[in-house]
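Asker: File data.txt below, compact mmCIF, C-alpha atoms:
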```
# COMPACT_ATOMS: atom_id res chain seq x y z
CA MET A 1 -10.95 23.78 -4.68
CA ALA A 2 -9.84 23.99 -8.30
CA LEU A 3 -9.24 20.74 -10.14
CA PRO A 4 -5.56 19.86 -10.74
CA LEU A 5 -5.50 20.91 -14.42
CA GLU A 6 -8.08 23.67 -14.28
CA GLY A 7 -7.01 26.63 -16.42
CA PHE A 8 -5.17 24.55 -19.05
CA ARG A 9 -6.61 24.19 -22.55
CA VAL A 10 -5.75 21.06 -24.55
CA LEU A 11 -6.54 20.54 -28.24
CA ASP A 12 -7.58 16.99 -29.02
CA LEU A 13 -6.75 15.64 -32.49
CA THR A 14 -6.82 12.05 -31.32
CA VAL A 15 -8.49 9.04 -32.90
CA VAL A 16 -9.72 5.62 -31.76
CA TRP A 17 -8.65 4.76 -28.19
CA ALA A 18 -5.06 5.44 -27.15
CA GLY A 19 -4.91 9.19 -27.61
CA THR A 20 -8.59 9.61 -26.80
CA PHE A 21 -8.13 7.90 -23.43
CA GLY A 22 -5.14 10.14 -22.69
CA THR A 23 -7.16 13.29 -23.28
CA THR A 24 -10.02 11.83 -21.23
CA LEU A 25 -7.68 11.62 -18.24
CA LEU A 26 -6.65 15.24 -18.78
CA ALA A 27 -10.30 16.30 -19.04
CA ASP A 28 -11.18 14.36 -15.88
CA LEU A 29 -8.41 16.25 -14.07
CA GLY A 30 -9.96 19.58 -15.04
CA ALA A 31 -8.27 20.58 -18.31
CA GLU A 32 -10.49 22.18 -20.94
CA VAL A 33 -10.13 19.59 -23.69
CA ILE A 34 -11.43 20.73 -27.08
CA LYS A 35 -11.87 17.94 -29.60
CA VAL A 36 -11.26 19.40 -33.06
CA GLU A 37 -13.40 17.58 -35.66
CA ASN A 38 -14.34 17.87 -39.32
CA VAL A 39 -17.85 17.21 -40.61
CA HIS A 40 -16.38 16.32 -44.03
CA VAL A 41 -14.00 13.62 -42.75
CA TRP A 42 -14.96 10.37 -41.06
CA GLN A 43 -12.29 9.05 -38.71
CA PRO A 44 -12.82 5.27 -38.58
CA MET A 45 -13.27 3.67 -35.18
CA THR A 46 -13.43 7.01 -33.35
CA ARG A 47 -17.11 7.95 -33.29
CA GLY A 48 -18.03 4.43 -34.36
CA GLY A 49 -17.43 2.08 -37.25
CA GLN A 50 -19.83 3.97 -39.52
CA ALA A 51 -21.45 7.38 -39.35
CA ARG A 52 -24.85 5.98 -40.28
CA PRO A 53 -25.11 2.23 -39.61
CA SER A 54 -28.36 0.67 -40.67
CA ALA A 55 -30.84 -0.73 -38.18
CA GLU A 56 -30.07 -4.20 -39.56
CA VAL A 57 -26.35 -3.76 -38.88
CA VAL A 58 -27.06 -2.57 -35.35
CA LYS A 59 -29.28 -5.54 -34.58
CA ALA A 60 -26.98 -8.14 -36.14
CA GLY A 61 -23.55 -6.89 -35.05
CA ALA A 62 -21.55 -7.46 -31.89
CA GLY A 63 -22.73 -5.40 -28.94
CA TRP A 64 -19.31 -3.88 -28.24
CA ALA A 65 -19.22 -2.44 -31.77
CA VAL A 66 -22.83 -1.56 -32.57
CA GLY A 67 -24.62 -1.79 -29.23
CA TYR A 68 -26.35 1.55 -29.64
CA PRO A 69 -28.93 2.82 -27.11
CA ASN A 70 -32.21 0.95 -27.33
CA ALA A 71 -30.68 -1.20 -30.11
CA GLU A 72 -31.33 1.58 -32.62
CA PRO A 73 -28.83 3.74 -34.52
CA GLY A 74 -30.78 6.86 -33.56
CA PRO A 75 -30.82 10.26 -35.28
CA ARG A 76 -27.05 10.91 -34.89
CA PRO A 77 -25.30 7.58 -34.27
CA TRP A 78 -21.87 9.23 -34.03
CA ASN A 79 -22.88 10.87 -30.75
CA TYR A 80 -23.37 7.59 -28.87
CA ALA A 81 -21.27 4.90 -30.56
CA PRO A 82 -20.87 2.28 -27.81
CA THR A 83 -17.18 1.55 -28.14
CA PHE A 84 -15.99 5.10 -27.70
CA VAL A 85 -18.73 7.14 -26.05
CA GLN A 86 -17.08 6.72 -22.65
CA GLN A 87 -13.96 8.46 -23.97
CA PHE A 88 -15.86 11.69 -24.74
CA ARG A 89 -16.92 12.72 -21.23
CA ASN A 90 -15.85 16.10 -19.83
CA LYS A 91 -14.77 17.31 -23.29
CA HIS A 92 -15.81 20.01 -25.74
CA SER A 93 -16.23 19.53 -29.49
CA MET A 94 -15.82 22.09 -32.26
CA THR A 95 -15.75 21.56 -36.01
CA VAL A 96 -13.51 23.12 -38.63
CA ASP A 97 -12.39 22.02 -42.10
CA LEU A 98 -8.62 21.60 -41.74
CA LEU A 99 -8.38 20.68 -45.42
CA SER A 100 -8.88 24.35 -46.35
CA ASP A 101 -6.64 27.39 -45.93
CA GLU A 102 -9.35 29.16 -43.99
CA GLY A 103 -9.71 26.19 -41.68
CA ARG A 104 -5.99 26.22 -40.96
CA GLU A 105 -6.17 29.93 -40.13
CA ILE A 106 -8.97 29.22 -37.66
CA PHE A 107 -6.92 26.40 -36.18
CA ALA A 108 -3.84 28.61 -35.82
CA ASN A 109 -5.98 31.08 -33.89
CA LEU A 110 -7.12 28.27 -31.61
CA VAL A 111 -3.57 26.97 -31.10
CA SER A 112 -2.44 30.45 -30.05
CA LYS A 113 -4.98 30.33 -27.22
CA SER A 114 -4.20 26.77 -26.08
CA ASP A 115 -1.56 25.16 -23.88
CA ALA A 116 -1.16 21.72 -25.41
CA LEU A 117 -2.10 19.51 -28.34
CA VAL A 118 -2.37 15.72 -28.45
CA GLU A 119 -2.58 13.58 -31.59
CA ASN A 120 -2.14 9.87 -32.34
CA ASN A 121 -2.69 9.77 -36.09
CA ALA A 122 -0.46 7.88 -38.50
CA SER A 123 3.00 9.41 -38.91
CA GLY A 124 2.98 12.38 -41.24
CA THR A 125 -0.73 13.18 -40.93
CA LEU A 126 -0.25 16.65 -39.46
CA GLU A 127 2.37 17.48 -42.08
CA LYS A 128 0.00 16.44 -44.87
CA LEU A 129 -2.65 18.73 -43.40
CA GLY A 130 -0.16 21.58 -43.25
CA ILE A 131 -0.28 21.87 -39.47
CA GLY A 132 3.05 20.25 -38.57
CA PRO A 133 5.60 21.40 -35.96
CA ASP A 134 6.61 24.63 -37.73
CA PHE A 135 2.97 25.67 -38.08
CA LEU A 136 2.27 24.95 -34.42
CA ARG A 137 5.36 26.76 -33.14
CA GLU A 138 4.52 29.79 -35.24
CA ALA A 139 1.03 29.84 -33.75
CA ARG A 140 2.37 29.54 -30.20
CA GLU A 141 6.06 29.33 -29.44
CA ASP A 142 5.72 27.58 -26.07
CA ILE A 143 3.04 25.08 -27.14
CA VAL A 144 3.28 21.55 -25.71
CA VAL A 145 2.68 18.96 -28.42
CA LEU A 146 2.44 15.21 -27.88
CA ARG A 147 2.50 12.88 -30.88
CA MET A 148 1.68 9.19 -30.45
CA PRO A 149 2.57 7.22 -33.61
CA ALA A 150 2.10 3.50 -33.21
CA TYR A 151 5.76 2.59 -33.77
CA GLY A 152 7.54 5.93 -33.83
CA SER A 153 8.23 8.38 -36.63
CA ASN A 154 11.25 6.60 -38.09
CA GLY A 155 12.23 3.05 -38.87
CA PRO A 156 10.54 0.43 -41.05
CA TYR A 157 7.22 0.54 -39.14
CA ARG A 158 6.87 4.33 -39.06
CA PHE A 159 3.87 4.46 -41.40
CA ALA A 160 2.11 1.43 -39.92
CA ARG A 161 -1.23 2.02 -38.25
CA ALA A 162 -2.23 0.01 -35.25
CA LEU A 163 -4.83 -0.71 -32.61
CA GLY A 164 -3.87 -2.06 -29.20
CA VAL A 165 -4.11 -5.64 -30.41
CA HIS A 166 -1.49 -4.96 -33.10
CA LEU A 167 0.86 -3.33 -30.61
CA GLU A 168 0.61 -6.33 -28.33
CA SER A 169 1.28 -8.74 -31.17
CA VAL A 170 4.35 -6.88 -32.43
CA MET A 171 5.79 -6.49 -28.92
CA GLY A 172 5.22 -10.15 -28.06
CA HIS A 173 2.50 -9.81 -25.44
CA THR A 174 0.10 -11.98 -27.44
CA LEU A 175 2.59 -14.86 -27.33
CA LEU A 176 2.52 -14.82 -23.52
CA ARG A 177 -1.19 -14.16 -23.05
CA GLY A 178 -2.71 -17.52 -23.87
CA TYR A 179 -3.03 -21.19 -23.08
CA PRO A 180 -0.07 -23.56 -23.52
CA ASP A 181 -2.06 -26.01 -25.65
CA LEU A 182 -3.41 -23.43 -28.11
CA ASP A 183 -1.87 -21.49 -30.97
CA PRO A 184 -1.70 -17.71 -30.27
CA SER A 185 -4.16 -17.08 -33.09
CA TYR A 186 -6.91 -18.56 -30.90
CA ILE A 187 -6.52 -15.83 -28.30
CA THR A 188 -9.29 -13.25 -27.99
CA SER A 189 -8.20 -9.76 -29.00
CA ILE A 190 -7.75 -7.22 -26.23
CA PHE A 191 -6.73 -3.57 -26.45
CA SER A 192 -4.88 -2.86 -23.23
CA GLY A 193 -2.01 -1.34 -25.22
CA ASP A 194 -4.27 1.60 -26.03
CA TYR A 195 -4.95 2.36 -22.38
CA VAL A 196 -1.32 1.96 -21.37
CA ALA A 197 -0.27 4.44 -24.07
CA GLY A 198 -3.06 6.85 -23.11
CA ALA A 199 -1.98 6.88 -19.47
CA HIS A 200 1.63 7.56 -20.52
CA ALA A 201 0.38 10.39 -22.75
CA ALA A 202 -1.51 12.12 -19.94
CA PHE A 203 1.52 11.89 -17.66
CA ALA A 204 3.82 13.25 -20.39
CA ILE A 205 1.55 16.24 -20.99
CA MET A 206 1.38 17.06 -17.29
CA SER A 207 5.16 16.75 -16.97
CA ALA A 208 5.70 19.06 -19.95
CA LEU A 209 3.27 21.64 -18.58
CA ARG A 210 5.11 21.57 -15.26
CA HIS A 211 8.40 22.03 -17.13
CA ARG A 212 6.97 25.02 -19.00
CA ARG A 213 5.76 26.58 -15.78
CA ARG A 214 9.31 26.37 -14.41
CA THR A 215 11.26 27.32 -17.56
CA GLY A 216 8.85 28.98 -19.99
CA GLU A 217 9.74 26.37 -22.63
CA GLY A 218 7.30 24.34 -24.67
CA GLN A 219 8.01 20.80 -25.83
CA PHE A 220 7.44 18.48 -28.77
CA ILE A 221 7.12 14.96 -27.44
CA GLU A 222 7.06 11.72 -29.40
CA LEU A 223 5.55 8.80 -27.55
CA ALA A 224 5.65 5.56 -29.54
CA GLN A 225 2.71 3.47 -28.42
CA ALA A 226 4.63 0.23 -28.93
CA GLU A 227 7.24 1.30 -26.41
CA CYS A 228 4.49 1.88 -23.86
CA ALA A 229 3.03 -1.56 -24.61
CA GLY A 230 6.45 -3.04 -23.93
CA GLY A 231 5.87 -2.26 -20.27
CA MET A 232 3.34 -5.09 -20.15
CA LEU A 233 6.25 -7.48 -20.66
CA ALA A 234 8.38 -6.16 -17.79
CA GLN A 235 8.24 -9.37 -15.75
CA ALA A 236 9.17 -11.50 -18.76
CA PHE A 237 12.12 -9.24 -19.63
CA MET A 238 13.38 -9.29 -16.05
CA ASP A 239 12.91 -13.03 -15.66
CA TYR A 240 15.04 -13.61 -18.72
CA SER A 241 17.75 -11.05 -17.93
CA MET A 242 18.07 -12.06 -14.26
CA ASN A 243 17.27 -15.78 -14.34
CA GLY A 244 17.69 -16.85 -17.96
CA VAL A 245 14.07 -18.01 -18.00
CA VAL A 246 12.04 -17.65 -21.20
CA GLN A 247 8.44 -17.29 -20.08
CA GLU A 248 5.80 -19.38 -21.81
CA ARG A 249 2.02 -19.20 -21.99
CA ILE A 250 0.45 -20.34 -18.73
CA GLY A 251 -3.21 -19.50 -19.22
CA ASN A 252 -4.75 -18.20 -16.00
CA ARG A 253 -2.20 -19.72 -13.67
CA SER A 254 0.05 -17.84 -11.30
CA LEU A 255 3.25 -16.17 -12.49
CA ASP A 256 4.61 -16.69 -8.98
CA GLY A 257 4.10 -20.45 -8.87
CA ARG A 258 1.03 -20.55 -6.60
CA ALA A 259 -1.30 -23.52 -6.78
CA PRO A 260 -4.14 -24.13 -7.22
CA TYR A 261 -4.71 -20.88 -9.06
CA GLY A 262 -7.00 -20.20 -12.00
CA LEU A 263 -10.52 -19.94 -13.36
CA TYR A 264 -13.00 -22.69 -12.67
CA PRO A 265 -16.46 -23.35 -14.14
CA ALA A 266 -19.54 -22.52 -12.08
CA ARG A 267 -23.15 -23.45 -12.74
CA SER A 268 -23.98 -21.94 -16.14
CA GLU A 269 -27.16 -20.78 -17.82
CA GLY A 270 -25.71 -21.21 -21.31
CA ASP A 271 -22.38 -21.17 -23.07
CA GLY A 272 -19.83 -18.64 -24.28
CA SER A 273 -21.77 -17.85 -27.42
CA ASP A 274 -24.52 -16.10 -25.44
CA ALA A 275 -22.50 -15.03 -22.38
CA GLY A 276 -24.33 -17.68 -20.41
CA ASP A 277 -21.26 -19.45 -19.08
CA ARG A 278 -20.17 -18.74 -15.50
CA TRP A 279 -16.67 -18.90 -14.05
CA ILE A 280 -15.02 -18.16 -10.73
CA SER A 281 -11.46 -17.13 -9.99
CA ILE A 282 -9.79 -18.98 -7.12
CA SER A 283 -6.28 -18.11 -5.92
CA VAL A 284 -4.63 -20.20 -3.21
CA MET A 285 -1.61 -18.17 -2.16
CA ASP A 286 -0.22 -20.24 0.74
CA ASP A 287 -0.63 -23.47 2.72
CA ASP A 288 -3.17 -21.97 5.14
CA GLN A 289 -5.42 -20.98 2.26
CA TRP A 290 -5.13 -24.52 0.91
CA LEU A 291 -6.52 -25.75 4.21
CA GLY A 292 -9.30 -23.18 3.90
CA LEU A 293 -10.15 -24.49 0.41
CA ARG A 294 -10.24 -28.03 1.76
CA GLU A 295 -12.68 -26.99 4.47
CA ALA A 296 -14.90 -25.16 1.98
CA MET A 297 -15.03 -28.28 -0.22
CA GLY A 298 -15.91 -30.47 2.76
CA ASP A 299 -12.36 -31.84 3.06
CA PRO A 300 -12.74 -34.57 0.39
CA GLU A 301 -10.50 -37.60 0.61
CA TRP A 302 -8.40 -36.69 -2.45
CA ALA A 303 -7.49 -33.33 -0.88
CA ARG A 304 -6.08 -34.99 2.26
CA ASP A 305 -3.12 -36.39 0.34
CA PRO A 306 -0.01 -35.37 2.34
CA GLY A 307 1.77 -34.56 -0.91
CA LEU A 308 -0.59 -31.62 -1.40
CA ARG A 309 0.14 -30.08 2.00
CA ASN A 310 2.94 -27.91 0.57
CA GLU A 311 2.97 -25.59 -2.42
CA ALA A 312 5.63 -27.51 -4.36
CA GLY A 313 3.52 -30.65 -4.26
CA ARG A 314 0.39 -28.80 -5.36
CA LEU A 315 2.21 -27.07 -8.19
CA GLU A 316 3.50 -30.36 -9.53
CA ARG A 317 -0.04 -31.75 -9.62
CA HIS A 318 -1.81 -28.59 -10.77
CA ASP A 319 -3.66 -30.32 -13.63
CA GLU A 320 -5.00 -32.96 -11.27
CA LEU A 321 -6.13 -30.33 -8.78
CA ASP A 322 -7.87 -28.33 -11.50
CA GLY A 323 -9.90 -31.38 -12.45
CA HIS A 324 -11.06 -32.01 -8.90
CA ILE A 325 -11.84 -28.38 -8.17
CA SER A 326 -13.72 -27.92 -11.46
CA GLU A 327 -15.89 -30.93 -10.66
CA TRP A 328 -16.77 -29.32 -7.31
CA THR A 329 -17.39 -25.78 -8.62
CA SER A 330 -19.29 -26.64 -11.80
CA SER A 331 -22.62 -27.31 -10.06
CA GLN A 332 -22.63 -24.21 -7.83
CA ASP A 333 -23.57 -20.55 -8.19
CA ASP A 334 -20.53 -18.31 -8.68
CA TYR A 335 -21.54 -15.68 -6.10
CA GLU A 336 -22.44 -18.30 -3.49
CA LEU A 337 -19.06 -19.91 -4.10
CA MET A 338 -17.32 -16.57 -3.65
CA HIS A 339 -18.92 -15.97 -0.27
CA LEU A 340 -18.24 -19.54 0.84
CA LEU A 341 -14.58 -19.45 -0.15
CA GLN A 342 -13.94 -15.98 1.24
CA SER A 343 -15.48 -17.05 4.55
CA HIS A 344 -12.72 -19.69 4.69
CA GLY A 345 -10.00 -17.17 3.87
CA VAL A 346 -9.61 -18.13 0.22
CA PRO A 347 -9.39 -15.29 -2.37
CA ALA A 348 -12.19 -15.82 -4.90
CA ALA A 349 -14.48 -13.77 -7.14
CA PRO A 350 -16.88 -14.36 -10.04
CA VAL A 351 -15.69 -13.58 -13.56
CA LEU A 352 -18.29 -11.12 -14.85
CA ASP A 353 -19.20 -10.39 -18.43
CA SER A 354 -20.15 -6.79 -19.17
CA SER A 355 -23.88 -7.45 -18.81
CA ARG A 356 -23.39 -8.34 -15.13
CA VAL A 357 -20.81 -5.78 -14.05
CA HIS A 358 -23.18 -2.85 -13.40
CA ASP A 359 -25.25 -4.86 -10.91
CA ASP A 360 -22.32 -6.27 -8.96
CA PRO A 361 -22.68 -5.17 -5.29
CA HIS A 362 -18.99 -4.27 -5.01
CA VAL A 363 -19.11 -2.15 -8.18
CA GLN A 364 -22.20 -0.38 -6.87
CA HIS A 365 -20.65 0.18 -3.44
CA ARG A 366 -17.54 1.68 -5.05
CA ASP A 367 -19.82 4.03 -7.03
CA LEU A 368 -17.96 3.25 -10.24
CA ASN A 369 -20.77 4.28 -12.60
CA GLU A 370 -22.99 7.29 -13.07
CA PRO A 371 -26.22 7.73 -15.06
CA LEU A 372 -25.91 10.19 -17.91
CA ASP A 373 -28.36 11.63 -20.40
CA LEU A 374 -27.10 11.17 -23.93
CA TYR A 375 -27.49 13.82 -26.61
CA ASP A 376 -30.63 13.86 -28.78
CA ASP A 377 -32.71 12.59 -25.83
CA VAL A 378 -32.01 8.96 -26.68
CA GLY A 379 -32.06 7.97 -23.03
CA THR A 380 -30.20 7.72 -19.73
CA PHE A 381 -27.44 5.14 -19.37
CA ARG A 382 -24.73 4.29 -16.88
CA TYR A 383 -21.14 5.15 -17.69
CA ASN A 384 -17.83 4.78 -15.91
CA ARG A 385 -16.87 7.61 -13.61
CA PRO A 386 -13.29 8.94 -13.43
CA PHE A 387 -11.32 6.25 -11.63
CA LEU A 388 -8.94 8.67 -9.89
CA ARG A 389 -10.14 9.60 -6.42
CA TYR A 390 -8.92 12.68 -4.55
CA SER A 391 -10.16 13.76 -1.12
CA GLU A 392 -9.85 17.52 -1.65
CA THR A 393 -10.67 17.74 -5.37
CA PRO A 394 -13.06 14.89 -6.15
CA LEU A 395 -13.34 14.11 -9.85
CA ARG A 396 -16.71 13.57 -11.46
CA ILE A 397 -18.42 13.66 -14.83
CA ARG A 398 -18.97 17.37 -15.28
CA LYS A 399 -20.13 17.03 -18.90
CA PRO A 400 -21.80 14.03 -20.60
CA PRO A 401 -20.27 12.50 -23.75
CA VAL A 402 -19.92 15.43 -26.12
CA ALA A 403 -21.85 15.55 -29.38
CA LEU A 404 -20.17 16.44 -32.65
CA GLY A 405 -19.84 20.23 -32.78
CA GLU A 406 -21.78 20.71 -29.56
CA ASP A 407 -19.53 23.55 -28.41
CA ASN A 408 -19.08 25.39 -31.69
CA GLU A 409 -20.76 28.51 -30.34
CA TYR A 410 -18.59 28.57 -27.22
CA VAL A 411 -15.33 28.02 -29.11
CA TYR A 412 -15.98 30.41 -31.99
CA LEU A 413 -17.60 33.17 -29.92
CA ASP A 414 -15.93 33.02 -26.52
CA VAL A 415 -12.55 31.46 -27.23
CA LEU A 416 -11.77 32.70 -30.73
CA GLY A 417 -13.73 35.95 -30.65
CA TYR A 418 -15.57 35.67 -33.97
CA SER A 419 -18.74 37.67 -34.45
CA ASN A 420 -22.14 36.13 -35.10
CA THR A 421 -21.96 37.33 -38.69
CA GLU A 422 -18.53 35.72 -39.17
CA ILE A 423 -19.76 32.50 -37.61
CA GLU A 424 -22.72 32.35 -39.96
CA GLY A 425 -20.35 32.73 -42.90
CA LEU A 426 -18.14 29.92 -41.57
CA ARG A 427 -21.22 27.74 -41.20
CA GLU A 428 -22.19 28.41 -44.82
CA ARG A 429 -18.68 27.53 -45.97
CA GLY A 430 -18.82 24.15 -44.24
CA HIS A 431 -16.67 24.65 -41.15
CA ILE A 432 -19.39 24.62 -38.51
CA GLY A 433 -21.93 21.85 -38.12
CA MET A 434 -23.28 19.02 -35.99
CA ASP A 435 -23.91 16.46 -38.73
CA TYR A 436 -21.51 14.63 -41.00
CA ASP A 437 -21.84 15.11 -44.72
CA PRO A 438 -24.80 13.10 -46.09
CA GLU A 439 -22.53 11.12 -48.42
CA ILE A 440 -20.56 9.67 -45.49
CA PRO A 441 -22.14 6.24 -44.85
```
Turn this file's structure into structure tokens for me.

Answerer:
Amino acid sequence: MALPLEGFRVLDLTVVWAGTFGTTLLADLGAEVIKVENVHVWQPMTRGGQARPSAEVVKAGAGWAVGYPNAEPGPRPWNYAPTFVQQFRNKHSMTVDLLSDEGREIFANLVSKSDALVENNASGTLEKLGIGPDFLREAREDIVVLRMPAYGSNGPYRFARALGVHLESVMGHTLLRGYPDLDPSYITSIFSGDYVAGAHAAFAIMSALRHRRRTGEGQFIELAQAECAGGMLAQAFMDYSMNGVVQERIGNRSLDGRAPYGLYPARSEGDGSDAGDRWISISVMDDDQWLGLREAMGDPEWARDPGLRNEAGRLERHDELDGHISEWTSSQDDYELMHLLQSHGVPAAPVLDSSRVHDDPHVQHRDLNEPLDLYDDVGTFRYNRPFLRYSETPLRIRKPPVALGEDNEYVYLDVLGYSNTEIEGLRERGHIGMDYDPEIP
């Protein structure tokens, strides 16, 4: 059977994570997503931090930023930058110089043959390039366009650029996501705001395409990423509006007042600096599970205290319980603890750093990863598969992470209808290529 979005063509002018994740979802669902790129312009944090990082930078930097295959930058580092390579599956890539009049003509031709366009650049970027709303409507009247500025296209923050961590800070999520005895500045940066916005973007595009199918009308949609990130605070907003409660930082404890509930140290091979520390999550959700935890621990004398038999008593003495439980868990293997606790009906699981996730039996059983051959023959590596699962139209990785300009021939010949002679001229004039300009570091 055809995939849900098969037959739709989406132009991808996204950068970094939020928009790129949204177009990844569309590509996973079967849309033909064409990433429009420019060999003369480096978009920071999209195909990596640098076009050509040195071997020294790769070896010395953090793995999430410069963990290139085989710990080497390789011949074309932009084709396998670790932070973003997973967002380029199932996509096509073509190159064109949008800074030139000829490039804009080529782009108008491509827009006329496409159903939708997604971009999450800083406000005003498309207008500066000369490809704003009027240009797009003229190219195709019923085009669906989704714009994802960080904080909207008006107001005092309209020109601000942001990653997920900035969205979370502005919206207040960082204030709630931490430990009560630490300043928020000590909290590790996360980027969930990007993924939340990307998911909203994919849904908005699908809704607009459905609307066009029913009415024949295109749409211009503005989706402020900060508003999407606000959804991560829903419980806090509701708690205040309904109960007058201002939520505070609670670390890893339960929002619903369960106890004991949190992360506890297991036997470690090192410390946090080398990912050698081990932790286990334990969540006691009711009185029966508390009895199960007591049994797993060997029913120590301190746990027999009648005051701990009910949840209210345990919650009041949560700090004390954490100390006892940590003393018990700290000398044991995290996986062995998980099996022991689960056998007594207690929800528990190891906390895995990225180096351990691929080999987790549950991850392997769920078939969450798939080996892919990267461009330039740099090797085969495991990457996340589409997380949506359908019985009749199973989603899979149909195309490995796309290299810069990998589909130039397909787009220019088959989609746009240029001749081989015309394509050679465009190549000579700097539109078509697979390598960034040599002067781009």

Asker: Once you count only C-alpha atoms, which residues end up no further than 6 Å from (-13.9, 10.9, -24.8) in the file's frame, shown as JSON, numbers by chain?

Answerer: {"A": [20, 24, 86, 87, 88, 89]}

Asker: Write out as a list in words each polymer residue whose atoms come within 12 Å of Val165 (chain A), counting all atoms listed in the file; drop sequence neighbours fewer than 3 positions from it.

Answerer: Trp17, Ala18, Ala150, Arg161, Ala162, Glu168, Ser169, Val170, Met171, Gly172, His173, Thr174, Leu175, Arg177, Ser185, Ile187, Thr188, Ser189, Ile190, Phe191, Ser192, Gly193, Asp194, Tyr195, Gln225, Ala226 and Ala229 of chain A

Asker: Which one of A:Ala201, A:Val378, A:Gly405, A:Ser354 sits closest to Gly63 (chain A) if you count all atoms listed in the file?

Answerer: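 Nearest to Gly63 (chain A): A:Ser354.
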
Asker: As an exercise, work out the distance from CA of Ile250 (chain A) to CA of Ala349 (chain A) in Å and give it to one decimal place.

Answerer: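 Taking CA of Ile250 (chain A) and CA of Ala349 (chain A), their separation equals 20.0 Å.
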
Asker: I'd like the contact shell of Ile280 (chain A) - 7 Å cut-off, only C-alpha atoms, skipping same-chain residues fewer than 2 positions apart - returned as a list in words.

Answerer: Leu263, Tyr264, Pro265, Ala266, Ile282, Asp334, Ala348, Ala349, Pro350 and Val351 of chain A

Asker: Have a look at A:Glu320, A:Glu424, A:Asp305, A:Asp142 and name the one nearest to His211 (chain A); count all atoms listed in the file.

Answerer: A:Asp142

Asker: Around the point (3.5, -26.6, -21.4), in the coordinates given by the file, pick out the residues reaching within 8 Å, counting all atoms listed in the file, and return them as a list in words.

Answerer: Pro180, Asp181, Glu248, Arg249 and Ile250 of chain A

Asker: Using only C-alpha atoms, determine which residues lie at most 9 Å from Thr23 (chain A), disregarding the query and same-chain residues fewer than 6 positions distant; provide the list as a VMD selection string.

Answerer: chain A and resid 10 to 12 14 31 33 87 to 88 91 118 198 201 to 202
